[in-house]
file input_38.cif (mmCIF, C-alpha atoms)
data_model
#
loop_
_atom_site.label_atom_id
_atom_site.label_comp_id
_atom_site.auth_asym_id
_atom_site.auth_seq_id
_atom_site.Cartn_x
_atom_site.Cartn_y
_atom_site.Cartn_z
CA MET A 1 13.30 -3.03 8.64
CA THR A 2 10.21 -4.86 7.47
CA SER A 3 9.15 -4.58 3.87
CA ALA A 4 5.47 -4.25 3.11
CA LEU A 5 6.19 -5.79 -0.25
CA LEU A 6 9.45 -7.25 -1.52
CA ALA A 7 9.50 -8.51 -5.09
CA VAL A 8 12.51 -9.83 -6.96
CA ASP A 9 12.19 -10.26 -10.71
CA LEU A 10 8.55 -11.16 -10.18
CA GLY A 11 6.54 -12.21 -13.23
CA LYS A 12 3.12 -13.61 -14.08
CA ARG A 13 2.26 -15.13 -17.45
CA TYR A 14 -1.15 -15.99 -18.86
CA GLY A 15 -0.52 -18.36 -21.76
CA ARG A 16 2.07 -16.56 -23.88
CA LYS A 17 1.34 -13.09 -22.54
CA TRP A 18 3.20 -11.64 -19.56
CA ALA A 19 0.79 -9.63 -17.41
CA LEU A 20 3.68 -8.64 -15.18
CA SER A 21 7.37 -9.14 -15.76
CA GLY A 22 10.75 -8.28 -14.24
CA CYS A 23 9.06 -6.62 -11.28
CA THR A 24 11.59 -5.75 -8.57
CA LEU A 25 10.31 -3.67 -5.68
CA ASP A 26 11.13 -3.07 -2.04
CA ILE A 27 8.39 -1.01 -0.42
CA PRO A 28 9.01 -0.24 3.27
CA THR A 29 6.12 -0.37 5.75
CA GLY A 30 4.52 2.82 7.02
CA HIS A 31 3.62 4.28 3.64
CA VAL A 32 0.48 4.95 1.69
CA VAL A 33 1.51 3.61 -1.69
CA GLY A 34 -0.16 4.54 -4.95
CA LEU A 35 0.01 1.84 -7.60
CA VAL A 36 -0.72 3.73 -10.77
CA GLY A 37 -0.84 2.79 -14.43
CA PRO A 38 -3.21 2.48 -17.38
CA ASN A 39 -5.81 -0.29 -17.50
CA GLY A 40 -4.13 -3.61 -18.29
CA ALA A 41 -0.73 -2.50 -16.95
CA GLY A 42 -0.57 -5.30 -14.38
CA LYS A 43 -1.88 -3.55 -11.24
CA THR A 44 -4.54 -6.12 -10.40
CA THR A 45 -2.13 -8.96 -11.21
CA LEU A 46 0.42 -7.57 -8.75
CA LEU A 47 -2.21 -7.16 -6.01
CA HIS A 48 -3.60 -10.67 -6.61
CA LEU A 49 -0.06 -12.07 -6.37
CA ALA A 50 0.40 -10.16 -3.09
CA VAL A 51 -2.69 -11.72 -1.48
CA GLY A 52 -1.97 -15.17 -2.87
CA LEU A 53 -4.92 -15.36 -5.27
CA LEU A 54 -2.33 -15.92 -8.00
CA SER A 55 1.06 -17.57 -7.82
CA PRO A 56 4.10 -16.21 -9.66
CA SER A 57 5.31 -17.65 -12.98
CA SER A 58 8.81 -16.40 -12.16
CA GLY A 59 10.75 -14.63 -9.46
CA SER A 60 9.76 -14.27 -5.82
CA LEU A 61 7.47 -12.19 -3.66
CA MET A 62 7.37 -11.58 0.09
CA VAL A 63 4.59 -9.67 1.80
CA LEU A 64 5.39 -8.47 5.35
CA ASP A 65 8.43 -10.78 5.21
CA GLU A 66 6.42 -13.93 4.45
CA ALA A 67 5.23 -15.65 1.30
CA PRO A 68 1.69 -14.56 0.41
CA ALA A 69 -1.04 -16.74 1.94
CA SER A 70 1.61 -19.02 3.49
CA SER A 71 -0.35 -19.32 6.77
CA ALA A 72 -3.56 -18.22 8.45
CA GLU A 73 -1.51 -15.75 10.52
CA GLN A 74 0.02 -14.24 7.41
CA LEU A 75 -3.43 -13.83 5.82
CA GLY A 76 -4.69 -12.30 9.06
CA ARG A 77 -2.18 -9.50 8.67
CA ILE A 78 -3.48 -8.54 5.22
CA GLY A 79 -6.70 -6.68 4.47
CA PHE A 80 -7.81 -6.84 0.85
CA VAL A 81 -10.59 -5.03 -0.96
CA ALA A 82 -10.98 -6.33 -4.50
CA GLN A 83 -11.97 -4.23 -7.50
CA ASP A 84 -15.54 -2.85 -7.42
CA THR A 85 -15.63 -3.43 -3.63
CA PRO A 86 -17.66 -6.65 -3.70
CA VAL A 87 -20.14 -7.43 -0.89
CA PHE A 88 -22.82 -10.11 -0.51
CA GLU A 89 -25.90 -8.45 -1.99
CA ASN A 90 -28.48 -10.57 -0.13
CA LEU A 91 -26.87 -10.31 3.30
CA SER A 92 -27.51 -7.47 5.73
CA ILE A 93 -24.74 -5.23 7.04
CA ALA A 94 -25.10 -6.90 10.46
CA THR A 95 -24.58 -10.35 8.88
CA HIS A 96 -21.47 -9.06 7.12
CA LEU A 97 -20.07 -8.00 10.50
CA GLN A 98 -21.02 -11.36 12.09
CA MET A 99 -19.19 -13.11 9.30
CA GLY A 100 -16.15 -10.89 9.78
CA ALA A 101 -16.16 -11.69 13.51
CA ALA A 102 -16.43 -15.43 12.89
CA LEU A 103 -13.68 -15.54 10.28
CA ASN A 104 -11.06 -13.24 11.79
CA PRO A 105 -9.34 -13.98 15.12
CA LYS A 106 -8.27 -10.34 15.63
CA TRP A 107 -11.71 -8.92 14.69
CA ASP A 108 -12.37 -5.52 16.29
CA GLU A 109 -16.14 -5.52 16.81
CA GLN A 110 -16.16 -2.11 18.47
CA LEU A 111 -14.33 -0.53 15.54
CA ALA A 112 -16.73 -2.16 13.07
CA GLN A 113 -19.86 -1.03 14.97
CA GLN A 114 -18.46 2.47 15.42
CA ARG A 115 -17.73 2.81 11.71
CA ILE A 116 -21.22 1.67 10.68
CA LEU A 117 -22.69 4.15 13.17
CA GLU A 118 -20.51 7.02 11.87
CA LEU A 119 -21.52 6.20 8.29
CA GLY A 120 -25.17 6.45 9.35
CA LEU A 121 -25.98 2.99 7.99
CA ASP A 122 -28.82 0.77 9.18
CA PRO A 123 -27.32 -2.61 10.23
CA ASN A 124 -30.45 -4.41 9.03
CA GLN A 125 -30.18 -3.09 5.51
CA ARG A 126 -29.26 -5.54 2.75
CA ALA A 127 -25.88 -4.77 1.18
CA GLY A 128 -27.42 -4.96 -2.29
CA ARG A 129 -29.46 -1.84 -1.57
CA LEU A 130 -26.50 0.35 -0.60
CA SER A 131 -25.18 3.12 -2.86
CA GLY A 132 -21.78 2.61 -4.49
CA GLY A 133 -20.12 4.84 -1.91
CA GLN A 134 -21.78 3.05 1.01
CA ARG A 135 -20.85 -0.36 -0.40
CA ALA A 136 -17.22 0.74 -0.72
CA GLN A 137 -17.30 2.00 2.87
CA LEU A 138 -18.76 -1.34 4.06
CA ALA A 139 -16.03 -3.28 2.25
CA LEU A 140 -13.40 -0.98 3.79
CA THR A 141 -14.94 -1.43 7.24
CA LEU A 142 -14.70 -5.23 6.91
CA ALA A 143 -11.08 -4.97 5.80
CA ILE A 144 -9.96 -2.66 8.62
CA ALA A 145 -11.93 -4.34 11.43
CA LYS A 146 -9.73 -7.42 10.99
CA ARG A 147 -6.93 -5.07 12.11
CA PRO A 148 -4.44 -5.81 9.33
CA SER A 149 -0.86 -4.53 9.15
CA LEU A 150 -1.17 -4.05 5.40
CA LEU A 151 -4.24 -2.96 3.50
CA LEU A 152 -4.42 -3.69 -0.24
CA LEU A 153 -7.12 -1.88 -2.23
CA ASP A 154 -7.71 -2.48 -5.93
CA GLU A 155 -9.14 0.62 -7.64
CA PRO A 156 -11.25 1.40 -4.56
CA VAL A 157 -12.61 4.74 -5.78
CA ALA A 158 -12.79 4.17 -9.55
CA SER A 159 -16.56 3.76 -9.65
CA LEU A 160 -17.43 6.40 -7.03
CA ASP A 161 -18.75 9.91 -7.60
CA PRO A 162 -16.43 12.75 -6.49
CA LEU A 163 -18.07 13.23 -3.07
CA ALA A 164 -18.08 9.51 -2.22
CA ARG A 165 -14.49 9.36 -3.48
CA ARG A 166 -13.41 12.14 -1.15
CA GLU A 167 -15.27 10.60 1.80
CA PHE A 168 -13.75 7.17 1.16
CA LEU A 169 -10.21 8.57 1.02
CA ALA A 170 -10.84 10.68 4.14
CA THR A 171 -11.94 7.55 6.03
CA LEU A 172 -8.91 5.68 4.78
CA MET A 173 -6.59 8.46 5.96
CA GLU A 174 -8.28 8.46 9.40
CA VAL A 175 -7.52 4.76 9.65
CA VAL A 176 -3.89 5.37 8.72
CA ALA A 177 -3.62 8.18 11.28
CA GLU A 178 -5.12 6.05 14.03
CA HIS A 179 -3.69 2.58 13.45
CA GLU A 180 -0.30 1.47 12.32
CA VAL A 181 -1.25 0.22 8.92
CA SER A 182 0.52 0.36 5.57
CA VAL A 183 -1.65 0.86 2.50
CA ILE A 184 -1.20 -0.02 -1.16
CA LEU A 185 -3.99 1.24 -3.39
CA SER A 186 -4.21 1.14 -7.14
CA SER A 187 -5.76 3.66 -9.48
CA HIS A 188 -5.54 4.64 -13.10
CA LEU A 189 -6.06 8.28 -12.09
CA VAL A 190 -3.16 10.18 -10.57
CA ALA A 191 -5.49 12.84 -9.19
CA ASP A 192 -6.94 10.26 -6.77
CA LEU A 193 -3.52 9.52 -5.35
CA GLU A 194 -1.83 12.90 -5.21
CA ARG A 195 -3.17 13.98 -1.84
CA VAL A 196 -3.17 10.68 0.00
CA CYS A 197 -0.05 8.80 -1.12
CA ASP A 198 3.53 9.41 -0.07
CA TYR A 199 4.99 6.61 -2.21
CA VAL A 200 4.26 5.73 -5.81
CA VAL A 201 4.78 2.75 -8.11
CA VAL A 202 4.18 3.41 -11.81
CA LEU A 203 3.27 0.31 -13.78
CA ALA A 204 2.96 0.32 -17.56
CA SER A 205 3.28 -2.39 -20.20
CA ALA A 206 3.52 -5.07 -17.45
CA ARG A 207 6.65 -3.46 -15.98
CA VAL A 208 7.55 -1.16 -13.10
CA GLN A 209 8.60 2.11 -14.74
CA VAL A 210 9.57 4.02 -11.61
CA ASN A 211 8.94 3.78 -7.87
CA GLY A 212 9.88 5.62 -4.72
CA GLU A 213 8.87 8.20 -2.15
CA ILE A 214 6.99 10.94 -3.96
CA GLU A 215 8.92 13.73 -2.29
CA ASN A 216 12.25 12.23 -3.42
CA LEU A 217 11.00 11.60 -6.93
CA LEU A 218 9.73 15.16 -7.32
CA SER A 219 13.00 16.63 -6.06
CA THR A 220 15.08 14.58 -8.51
CA HIS A 221 12.96 15.06 -11.62
CA HIS A 222 13.00 18.28 -13.59
CA ARG A 223 11.53 19.73 -16.74
CA LEU A 224 14.17 21.58 -18.76
CA VAL A 225 13.25 24.17 -21.35
CA GLY A 226 15.80 25.94 -23.54
CA SER A 227 16.94 26.78 -27.03
CA ARG A 228 17.12 23.84 -29.40
CA ARG A 229 20.09 21.52 -28.81
CA ASN A 230 21.06 17.93 -28.16
CA LEU A 231 21.33 16.71 -24.59
CA ASP A 232 25.06 15.99 -24.23
CA ASN A 233 25.98 18.39 -21.47
CA LEU A 234 23.78 17.12 -18.68
CA PRO A 235 25.28 15.93 -15.36
CA GLU A 236 26.49 12.33 -15.36
CA SER A 237 23.69 11.15 -13.09
CA ALA A 238 21.03 12.61 -15.41
CA HIS A 239 18.71 10.29 -17.24
CA VAL A 240 16.44 11.57 -20.01
CA ILE A 241 12.87 10.30 -19.82
CA GLU A 242 11.25 12.40 -22.47
CA VAL A 243 12.49 14.92 -24.98
CA SER A 244 10.83 16.95 -27.69
CA HIS A 245 12.08 19.58 -30.10
CA THR A 246 10.48 22.38 -32.04
CA ASP A 247 12.36 24.53 -34.57
CA ARG A 248 13.87 26.65 -31.84
CA GLN A 249 13.14 25.02 -28.53
CA THR A 250 14.02 21.80 -26.69
CA THR A 251 11.93 20.50 -23.80
CA ALA A 252 13.14 17.54 -21.76
CA ILE A 253 12.11 15.68 -18.64
CA VAL A 254 15.12 14.26 -16.83
CA SER A 255 15.81 12.51 -13.58
CA SER A 256 19.01 13.67 -11.96
CA ALA A 257 20.41 13.27 -8.46
CA ASP A 258 22.63 16.29 -9.13
CA PRO A 259 21.10 19.73 -9.64
CA ILE A 260 20.97 21.04 -13.21
CA LEU A 261 23.22 24.08 -13.02
CA ASP A 262 23.55 24.94 -16.72
CA PRO A 263 22.05 28.46 -16.81
CA SER A 264 20.91 28.13 -20.42
CA TRP A 265 18.19 25.73 -19.26
CA SER A 266 15.18 27.02 -17.49
CA VAL A 267 14.51 24.34 -14.85
CA GLU A 268 10.89 23.80 -13.82
CA GLU A 269 9.50 21.75 -10.97
CA MET A 270 7.18 18.89 -11.82
CA THR A 271 3.92 17.67 -10.38
CA LEU A 272 3.26 13.99 -9.65
CA GLU A 273 0.94 13.88 -12.64
CA ASP A 274 3.66 15.23 -15.00
CA LEU A 275 6.07 12.62 -13.69
CA VAL A 276 3.68 9.69 -14.01
CA LEU A 277 2.63 10.73 -17.52
CA ALA A 278 6.27 11.07 -18.60
CA TYR A 279 7.05 7.50 -17.52
CA MET A 280 3.87 6.13 -19.06
CA GLY A 281 4.74 7.96 -22.28
CA GLN A 282 8.21 6.44 -22.24
CA ALA A 283 6.77 2.93 -21.80
CA GLU A 284 4.32 3.50 -24.65
CA GLU A 285 7.11 4.77 -26.90
CA GLN A 286 9.25 1.69 -26.15
CA ARG A 287 6.28 -0.55 -26.89
CA ARG A 288 5.82 1.08 -30.31
CA VAL A 289 9.52 0.82 -31.14
CA LEU A 290 9.43 -2.86 -30.19
CA LEU A 291 6.33 -3.41 -32.32
CA ARG A 292 7.99 -1.74 -35.33
CA SER A 293 11.22 -3.74 -35.00
CA ASN A 294 9.26 -6.99 -34.64
CA GLY A 295 7.24 -6.08 -37.70
CA GLY A 296 10.46 -5.32 -39.60
CA ALA A 297 11.94 -8.72 -38.75
CA LYS A 298 9.17 -10.58 -40.55
CA MET B 299 -10.47 26.04 16.03
CA ILE B 300 -8.78 26.49 12.67
CA GLU B 301 -10.09 24.56 9.67
CA PHE B 302 -7.63 23.81 6.89
CA ARG B 303 -8.39 23.86 3.18
CA LEU B 304 -6.27 22.69 0.30
CA ASN B 305 -5.81 24.37 -3.04
CA GLY B 306 -4.82 21.73 -5.58
CA ASN B 307 -3.66 24.15 -8.28
CA SER B 308 -1.65 26.63 -6.25
CA GLY B 309 1.74 25.02 -6.87
CA VAL B 310 2.34 25.27 -3.11
CA SER B 311 2.84 21.85 -1.52
CA PRO B 312 0.05 20.69 0.84
CA TYR B 313 2.30 20.77 3.90
CA GLN B 314 3.36 24.34 3.15
CA GLN B 315 -0.27 25.35 2.70
CA ILE B 316 -1.02 24.12 6.23
CA VAL B 317 1.99 25.99 7.66
CA GLN B 318 0.94 29.18 5.86
CA GLN B 319 -2.67 28.89 7.02
CA VAL B 320 -1.62 28.53 10.66
CA LYS B 321 0.73 31.52 10.39
CA SER B 322 -1.86 33.64 8.68
CA ALA B 323 -4.43 32.76 11.36
CA LEU B 324 -1.89 33.75 14.03
CA ARG B 325 -1.20 37.07 12.33
CA LEU B 326 -4.90 37.86 12.05
CA GLY B 327 -5.67 36.80 15.61
CA ARG B 328 -7.91 33.93 14.53
CA LEU B 329 -5.56 31.63 16.43
CA ARG B 330 -4.23 32.78 19.81
CA ILE B 331 -1.76 31.48 22.36
CA GLY B 332 -3.29 28.50 24.16
CA ASP B 333 -5.54 27.49 21.25
CA GLN B 334 -5.41 23.89 20.16
CA LEU B 335 -4.74 22.83 16.57
CA PRO B 336 -6.97 20.06 15.20
CA THR B 337 -5.59 16.56 15.69
CA VAL B 338 -3.98 14.81 12.74
CA LYS B 339 -6.95 12.45 12.56
CA GLU B 340 -9.40 15.34 12.46
CA VAL B 341 -7.50 17.06 9.65
CA VAL B 342 -7.14 13.99 7.43
CA GLY B 343 -10.78 13.04 8.07
CA LYS B 344 -11.83 16.43 6.71
CA ILE B 345 -9.52 17.07 3.77
CA ALA B 346 -8.39 13.54 2.88
CA ILE B 347 -4.62 13.99 2.87
CA ASN B 348 -1.80 11.79 4.05
CA PRO B 349 -1.32 12.03 7.86
CA ASN B 350 2.43 12.47 7.38
CA THR B 351 1.75 15.71 5.51
CA VAL B 352 -0.02 17.14 8.56
CA LEU B 353 2.67 15.83 10.92
CA LYS B 354 5.36 17.44 8.80
CA ALA B 355 3.58 20.81 8.90
CA TYR B 356 3.08 20.60 12.67
CA ARG B 357 6.74 19.65 13.15
CA GLU B 358 7.84 22.68 11.16
CA LEU B 359 5.58 24.98 13.23
CA GLU B 360 7.00 23.37 16.36
CA HIS B 361 10.54 23.89 15.10
CA GLU B 362 9.74 27.59 14.62
CA GLY B 363 8.55 27.75 18.22
CA LEU B 364 4.95 28.63 17.35
CA VAL B 365 3.26 25.46 18.59
CA ALA B 366 4.10 22.66 21.01
CA ALA B 367 2.87 19.08 21.09
CA ARG B 368 1.63 17.74 24.42
CA PRO B 369 1.81 13.98 24.09
CA GLY B 370 -1.59 12.33 24.32
CA ILE B 371 -3.42 15.68 24.47
CA GLY B 372 -2.73 17.60 21.29
CA THR B 373 -0.83 20.42 19.65
CA PHE B 374 -1.19 23.93 21.11
CA VAL B 375 -0.21 27.44 20.10
CA VAL B 376 2.54 28.61 22.46
CA ASN B 377 3.80 31.68 20.63
CA SER B 378 2.44 34.16 18.17
CA PHE B 379 3.37 37.21 16.19
CA ASP B 380 2.88 40.61 17.79
CA GLU B 381 -0.54 40.33 19.44
CA THR B 382 -0.61 44.07 20.21
CA THR B 383 -1.38 44.72 16.53
CA TYR B 384 -4.78 42.98 16.72
CA ALA B 385 -6.57 46.16 17.87
CA ALA B 386 -4.95 48.24 15.13
CA GLN B 387 -5.85 45.57 12.57
CA ARG B 388 -9.55 46.23 13.11
CA THR B 389 -9.34 49.90 12.10
CA LEU B 390 -6.94 49.10 9.28
CA ARG B 391 -9.33 46.49 7.92
CA ARG B 392 -12.16 49.04 8.01
CA SER B 393 -10.16 51.61 6.04
CA LEU B 394 -9.19 48.90 3.53
CA GLU B 395 -12.88 48.07 3.11
CA VAL B 396 -13.62 51.73 2.40
CA TRP B 397 -10.77 51.80 -0.10
CA LEU B 398 -12.07 48.62 -1.78
CA GLU B 399 -15.51 50.13 -2.11
CA LYS B 400 -13.99 53.19 -3.82
CA ALA B 401 -11.93 51.02 -6.17
CA ARG B 402 -15.02 49.04 -7.21
CA ARG B 403 -17.00 52.21 -7.76
CA ALA B 404 -14.20 53.49 -9.97
CA GLY B 405 -14.72 50.38 -12.13
CA LEU B 406 -11.66 48.29 -11.18
CA ASP B 407 -12.17 44.53 -11.42
CA ASP B 408 -10.74 42.06 -8.86
CA GLU B 409 -7.51 41.49 -10.73
CA SER B 410 -6.86 45.20 -11.20
CA ILE B 411 -7.50 45.80 -7.50
CA GLU B 412 -5.07 43.04 -6.54
CA ALA B 413 -2.45 44.28 -8.99
CA LEU B 414 -2.76 47.84 -7.71
CA PHE B 415 -2.47 46.74 -4.08
CA VAL B 416 0.53 44.47 -4.67
CA ASP B 417 2.26 47.10 -6.80
CA THR B 418 1.73 49.82 -4.19
CA PHE B 419 2.86 47.45 -1.44
CA LEU B 420 6.05 46.54 -3.29
CA PHE B 421 7.08 50.10 -4.16
CA ALA B 422 6.01 51.97 -1.04
CA PRO B 423 8.79 52.90 1.42
CA LYS B 424 9.32 50.11 3.95
CA GLU B 425 10.44 52.28 6.89
CA VAL B 426 7.98 54.18 9.05
CA VAL B 427 8.94 57.78 9.84
CA ARG B 428 8.14 58.33 13.50
#

call {"tool": "encode", "arguments": {"input": "input_38.cif", "output": "structure tokens"}}
result
Amino acid sequence: MTSALLAVDLGKRYGRKWALSGCTLDIPTGHVVGLVGPNGAGKTTLLHLAVGLLSPSSGSLMVLDEAPASSAEQLGRIGFVAQDTPVFENLSIATHLQMGAALNPKWDEQLAQQRILELGLDPNQRAGRLSGGQRAQLALTLAIAKRPSLLLLDEPVASLDPLARREFLATLMEVVAEHEVSVILSSHLVADLERVCDYVVVLASARVQVNGEIENLLSTHHRLVGSRRNLDNLPESAHVIEVSHTDRQTTAIVSSADPILDPSWSVEEMTLEDLVLAYMGQAEEQRRVLLRSNGGAK
Amino acid sequence: MIEFRLNGNSGVSPYQQIVQQVKSALRLGRLRIGDQLPTVKEVVGKIAINPNTVLKAYRELEHEGLVAARPGIGTFVVNSFDETTYAAQRTLRRSLEVWLEKARRAGLDDESIEALFVDTFLFAPKEVVR
């Protein structure tokens, strides 16, 4: 089966700082993937590596089974919308479409025209005069009219108001329903991703903290609440992500392939947001521990 | 045609919400045998959810024998719950409305009304004496 994105120990270094390190991922095609993490976690770096705007400092990366930007054909299979959905401010919408047609062999003019019509945009309008939501929709139109197999979107809705955000994601989902296209979109807000994604990659501190199909992740992660204790008696497959104690109570978030059968725990289901926050919290905790031990060594 | 809505805080997964909304519409006669469900593209274009979520809901409804997919045309209702109750539902709804009016006049707020209804429903005898 084809991988949308296959990374093995992928890393990118700027000077002495690793923006991304030890990134190993195998994302199958056919998903809408949410790439989520705090600002500076490495999301943009990973996307820029995937389109070939950056080259790796270590490890390897294949996108749709080929090295990023290895050929014109490979690039033709990727649609990319960079952060803040850039367009050419002084060019009209019609000129944007002409440019798309001239630069892309598989350009779907009918799809492009149809989308502009549905959005109620005037083709003669300059892109610089569009609202944020309209500009984002224009950038998306250009990316999908080249009929890519994989669409990469960097924080596409971050700067949009809630209505424009909803409309943008609705359009994106229509595209997914209609054409066979895999999508990877990044966001620092889980709420943006919860409805539209079926696969998630959590990035924090330049590393992949967890990734997988959301349904699987939610069925193997649990919040346990019970009287205060240590966590020795969990199933062997269980892995503790977060634990906190009060005088009388212990609360833990664990991943476990086996069900938690111990009746003295009350086992609660988790939302995607709980899960993402738990892994981000774990990464932040590890960062602090590292900082302290480095400080102690001096 | 049915229009789906999504409640983000209900704790019920989106696909289950769609299944429940179809079933509820069938029970209330808002969807009848022969009616078409919106296409996947129409649903995701309205409520911005992953197409696979809609497909999964439709597959479950198909598995339960309530709808059938006709390739290239759409998904249609082929079975329903007891349609003979639709006529009775109209009078029952009217008497519920009268009851609601009385409850409000007696000073019950929405939550008290709901609690009273659910409590009565749970503890009333389940068998009908004919």

call {"tool": "closest_residue", "arguments": {"input": "input_38.cif", "among": "A:Val183, A:Val289, A:Ala112, A:Val208", "to": "chain B", "atoms": "only C-alpha atoms"}}
result
A:Val183

call {"tool": "interface_residues", "arguments": {"input": "input_38.cif", "of": "chain A", "to": "chain B", "cutoff": "7 Å", "atoms": "only C-alpha atoms", "output": "list in words"}}
result
Arg166, Leu169, Ala170, Thr171, Met173, Glu174, Ala177, Glu178, Arg195, Val196 and Cys197 of chain A

call {"tool": "atom_distance", "arguments": {"input": "input_38.cif", "atom1": "CA of Gly100 (chain A)", "atom2": "CA of Leu6 (chain A)"}}
result
28.2 Å

call {"tool": "residues_around", "arguments": {"input": "input_38.cif", "residues": "Leu140 (chain A)", "least_positions_apart": "3", "cutoff": "12 Å", "atoms": "only C-alpha atoms", "output": "PDB file with C-alpha atoms, in the coordinates of the input"}}
result
ATOM      1  CA  GLY A  79      -6.700  -6.680   4.470  1.00  0.00           C
ATOM      2  CA  PHE A  80      -7.810  -6.840   0.850  1.00  0.00           C
ATOM      3  CA  VAL A  81     -10.590  -5.030  -0.960  1.00  0.00           C
ATOM      4  CA  ALA A  82     -10.980  -6.330  -4.500  1.00  0.00           C
ATOM      5  CA  GLN A  83     -11.970  -4.230  -7.500  1.00  0.00           C
ATOM      6  CA  ASP A  84     -15.540  -2.850  -7.420  1.00  0.00           C
ATOM      7  CA  THR A  85     -15.630  -3.430  -3.630  1.00  0.00           C
ATOM      8  CA  PRO A  86     -17.660  -6.650  -3.700  1.00  0.00           C
ATOM      9  CA  VAL A  87     -20.140  -7.430  -0.890  1.00  0.00           C
ATOM     10  CA  HIS A  96     -21.470  -9.060   7.120  1.00  0.00           C
ATOM     11  CA  LEU A  97     -20.070  -8.000  10.500  1.00  0.00           C
ATOM     12  CA  GLY A 100     -16.150 -10.890   9.780  1.00  0.00           C
ATOM     13  CA  LEU A 111     -14.330  -0.530  15.540  1.00  0.00           C
ATOM     14  CA  ALA A 112     -16.730  -2.160  13.070  1.00  0.00           C
ATOM     15  CA  ARG A 115     -17.730   2.810  11.710  1.00  0.00           C
ATOM     16  CA  ILE A 116     -21.220   1.670  10.680  1.00  0.00           C
ATOM     17  CA  LEU A 119     -21.520   6.200   8.290  1.00  0.00           C
ATOM     18  CA  GLY A 133     -20.120   4.840  -1.910  1.00  0.00           C
ATOM     19  CA  GLN A 134     -21.780   3.050   1.010  1.00  0.00           C
ATOM     20  CA  ARG A 135     -20.850  -0.360  -0.400  1.00  0.00           C
ATOM     21  CA  ALA A 136     -17.220   0.740  -0.720  1.00  0.00           C
ATOM     22  CA  GLN A 137     -17.300   2.000   2.870  1.00  0.00           C
ATOM     23  CA  ALA A 143     -11.080  -4.970   5.800  1.00  0.00           C
ATOM     24  CA  ILE A 144      -9.960  -2.660   8.620  1.00  0.00           C
ATOM     25  CA  ALA A 145     -11.930  -4.340  11.430  1.00  0.00           C
ATOM     26  CA  LYS A 146      -9.730  -7.420  10.990  1.00  0.00           C
ATOM     27  CA  ARG A 147      -6.930  -5.070  12.110  1.00  0.00           C
ATOM     28  CA  PRO A 148      -4.440  -5.810   9.330  1.00  0.00           C
ATOM     29  CA  LEU A 151      -4.240  -2.960   3.500  1.00  0.00           C
ATOM     30  CA  LEU A 152      -4.420  -3.690  -0.240  1.00  0.00           C
ATOM     31  CA  LEU A 153      -7.120  -1.880  -2.230  1.00  0.00           C
ATOM     32  CA  ASP A 154      -7.710  -2.480  -5.930  1.00  0.00           C
ATOM     33  CA  PRO A 156     -11.250   1.400  -4.560  1.00  0.00           C
ATOM     34  CA  VAL A 157     -12.610   4.740  -5.780  1.00  0.00           C
ATOM     35  CA  GLU A 167     -15.270  10.600   1.800  1.00  0.00           C
ATOM     36  CA  PHE A 168     -13.750   7.170   1.160  1.00  0.00           C
ATOM     37  CA  LEU A 169     -10.210   8.570   1.020  1.00  0.00           C
ATOM     38  CA  ALA A 170     -10.840  10.680   4.140  1.00  0.00           C
ATOM     39  CA  THR A 171     -11.940   7.550   6.030  1.00  0.00           C
ATOM     40  CA  LEU A 172      -8.910   5.680   4.780  1.00  0.00           C
ATOM     41  CA  MET A 173      -6.590   8.460   5.960  1.00  0.00           C
ATOM     42  CA  VAL A 175      -7.520   4.760   9.650  1.00  0.00           C
ATOM     43  CA  VAL A 183      -1.650   0.860   2.500  1.00  0.00           C
TER      44      VAL A 183
END

call {"tool": "resolve_selection", "arguments": {"input": "input_38.cif", "expression": "the PyMOL selection byres ((chain A and resi 203) around 7)", "output": "JSON, numbers by chain"}}
result
{"A": [36, 37, 41, 42, 43, 201, 202, 204, 205, 206, 207, 208, 209]}

call {"tool": "resolve_selection", "arguments": {"input": "input_38.cif", "expression": "the PyMOL selection byres ((chain A and resi 66) around 12)", "output": "CSV table (one decimal) with C-alpha atoms, in the coordinates of the input"}}
result
chain,number,residue,atom,x,y,z
A,2,THR,CA,10.2,-4.9,7.5
A,3,SER,CA,9.2,-4.6,3.9
A,4,ALA,CA,5.5,-4.2,3.1
A,5,LEU,CA,6.2,-5.8,-0.2
A,6,LEU,CA,9.4,-7.2,-1.5
A,7,ALA,CA,9.5,-8.5,-5.1
A,50,ALA,CA,0.4,-10.2,-3.1
A,51,VAL,CA,-2.7,-11.7,-1.5
A,52,GLY,CA,-2.0,-15.2,-2.9
A,60,SER,CA,9.8,-14.3,-5.8
A,61,LEU,CA,7.5,-12.2,-3.7
A,62,MET,CA,7.4,-11.6,0.1
A,63,VAL,CA,4.6,-9.7,1.8
A,64,LEU,CA,5.4,-8.5,5.4
A,65,ASP,CA,8.4,-10.8,5.2
A,67,ALA,CA,5.2,-15.6,1.3
A,68,PRO,CA,1.7,-14.6,0.4
A,69,ALA,CA,-1.0,-16.7,1.9
A,70,SER,CA,1.6,-19.0,3.5
A,71,SER,CA,-0.4,-19.3,6.8
A,72,ALA,CA,-3.6,-18.2,8.4
A,73,GLU,CA,-1.5,-15.8,10.5
A,74,GLN,CA,0.0,-14.2,7.4
A,75,LEU,CA,-3.4,-13.8,5.8
A,77,ARG,CA,-2.2,-9.5,8.7
A,78,ILE,CA,-3.5,-8.5,5.2

call {"tool": "resolve_selection", "arguments": {"input": "input_38.cif", "expression": "the PyMOL selection byres ((chain A and resi 233-249) around 9)", "output": "PyMOL selection string"}}
result
chain A and resi 225-232+250-262+278-279+281-282

call {"tool": "atom_distance", "arguments": {"input": "input_38.cif", "atom1": "CA of Arg223 (chain A)", "atom2": "CA of Ser264 (chain A)"}}
result
13.1 Å
